[in-house]
Amino acid sequence: TAHLCEDFKCRSSRICIPKPASCDGLAQCPDLSDESMDKEDNSCFQYNSDSFSRIGIILTSALLVSVGLVFAAVIRRTLLERLKKPSKYEVNPGKEVQYSKR
């Protein structure tokens, strides 16, 4: 009976290794086919490309959040500085509005 390899089968031998052991940086196949970066030969290229895509998405998200936080801090600081400046209108309760001369 033929043995079916449901995980990863080494290219030049009949050795079958668990799928998580392929593309892990450690060669288990004698011909190193479990660590091949050849696009047509193995899934390591796809595996690593997917990993880089995820890293890119995470880094882009972190950058956007950081920019948003900096923007919010600048807006907050600007608004607080405007609140601290005296208004050109000084209102005294019970009296008419007085305009200060500047």
# chains A, B, ... in the order shown; residues from 1 in each chain; ligands from 1
$ residues_around --residues "A:Leu4" --least-positions-apart "5" --cutoff "10 Å" --atoms "only C-alpha atoms" --output "mmCIF file with all heavy atoms, in the first residue's frame"
data_model
loop_
_atom_site.group_PDB
_atom_site.id
_atom_site.type_symbol
_atom_site.label_atom_id
_atom_site.label_comp_id
_atom_site.auth_asym_id
_atom_site.auth_seq_id
_atom_site.Cartn_x
_atom_site.Cartn_y
_atom_site.Cartn_z
ATOM 1 N N LYS A 9 6.077 16.556 1.957
ATOM 2 C CA LYS A 9 6.918 15.476 1.459
ATOM 3 C C LYS A 9 8.178 16.072 0.847
ATOM 4 O O LYS A 9 8.106 16.943 -0.015
ATOM 5 C CB LYS A 9 6.177 14.659 0.405
ATOM 6 C CG LYS A 9 6.974 13.461 -0.083
ATOM 7 C CD LYS A 9 6.181 12.674 -1.105
ATOM 8 C CE LYS A 9 7.017 11.525 -1.620
ATOM 9 N NZ LYS A 9 6.376 10.834 -2.734
ATOM 10 N N ARG A 14 11.280 10.091 0.087
ATOM 11 C CA ARG A 14 9.904 9.813 0.511
ATOM 12 C C ARG A 14 9.660 10.246 1.951
ATOM 13 O O ARG A 14 8.674 9.853 2.556
ATOM 14 C CB ARG A 14 9.618 8.320 0.363
ATOM 15 C CG ARG A 14 9.598 7.892 -1.070
ATOM 16 C CD ARG A 14 9.197 6.465 -1.165
ATOM 17 N NE ARG A 14 9.075 6.088 -2.565
ATOM 18 C CZ ARG A 14 8.515 4.995 -2.981
ATOM 19 N NH1 ARG A 14 8.017 4.140 -2.104
ATOM 20 N NH2 ARG A 14 8.444 4.728 -4.251
ATOM 21 N N CYS A 16 8.422 12.205 4.931
ATOM 22 C CA CYS A 16 7.262 13.065 5.191
ATOM 23 C C CYS A 16 7.476 13.728 6.545
ATOM 24 O O CYS A 16 7.734 13.070 7.543
ATOM 25 C CB CYS A 16 5.993 12.206 5.189
ATOM 26 S SG CYS A 16 4.486 13.175 5.315
#
$ residues_around --residues "stretch 18-31 of chain A" --least-positions-apart "6" --cutoff "7 Å" --atoms "only C-alpha atoms" --output "list of chain:residue names"
A:Asp7, A:Phe8, A:Cys10, A:Ser12, A:Cys44
$ write_last_selection --atoms "N, CA and C atoms" --output "PDB file, in the first residue's frame"
ATOM      1  N   ASP A   7       1.177  15.941   5.103  1.00  0.00           N
ATOM      2  CA  ASP A   7       1.875  17.146   5.540  1.00  0.00           C
ATOM      3  C   ASP A   7       2.817  17.610   4.433  1.00  0.00           C
ATOM      4  N   PHE A   8       4.116  17.540   4.659  1.00  0.00           N
ATOM      5  CA  PHE A   8       5.096  17.975   3.658  1.00  0.00           C
ATOM      6  C   PHE A   8       5.972  16.800   3.264  1.00  0.00           C
ATOM      7  N   CYS A  10       9.341  15.586   1.315  1.00  0.00           N
ATOM      8  CA  CYS A  10      10.622  16.055   0.779  1.00  0.00           C
ATOM      9  C   CYS A  10      10.688  15.746  -0.714  1.00  0.00           C
ATOM     10  N   SER A  12      13.245  15.027  -2.947  1.00  0.00           N
ATOM     11  CA  SER A  12      14.045  13.943  -3.527  1.00  0.00           C
ATOM     12  C   SER A  12      14.000  12.651  -2.708  1.00  0.00           C
ATOM     13  N   CYS A  44       7.284  27.816   1.127  1.00  0.00           N
ATOM     14  CA  CYS A  44       8.011  28.721   2.035  1.00  0.00           C
ATOM     15  C   CYS A  44       7.965  30.150   1.524  1.00  0.00           C
TER      16      CYS A  44
END
$ atom_distance --atom1 "atom CA of A:Ser13" --atom2 "atom CA of A:Asp34"
11.5 Å
$ atom_distance --atom1 "atom CA of A:Val67" --atom2 "atom CA of A:Leu80"
19.9 Å
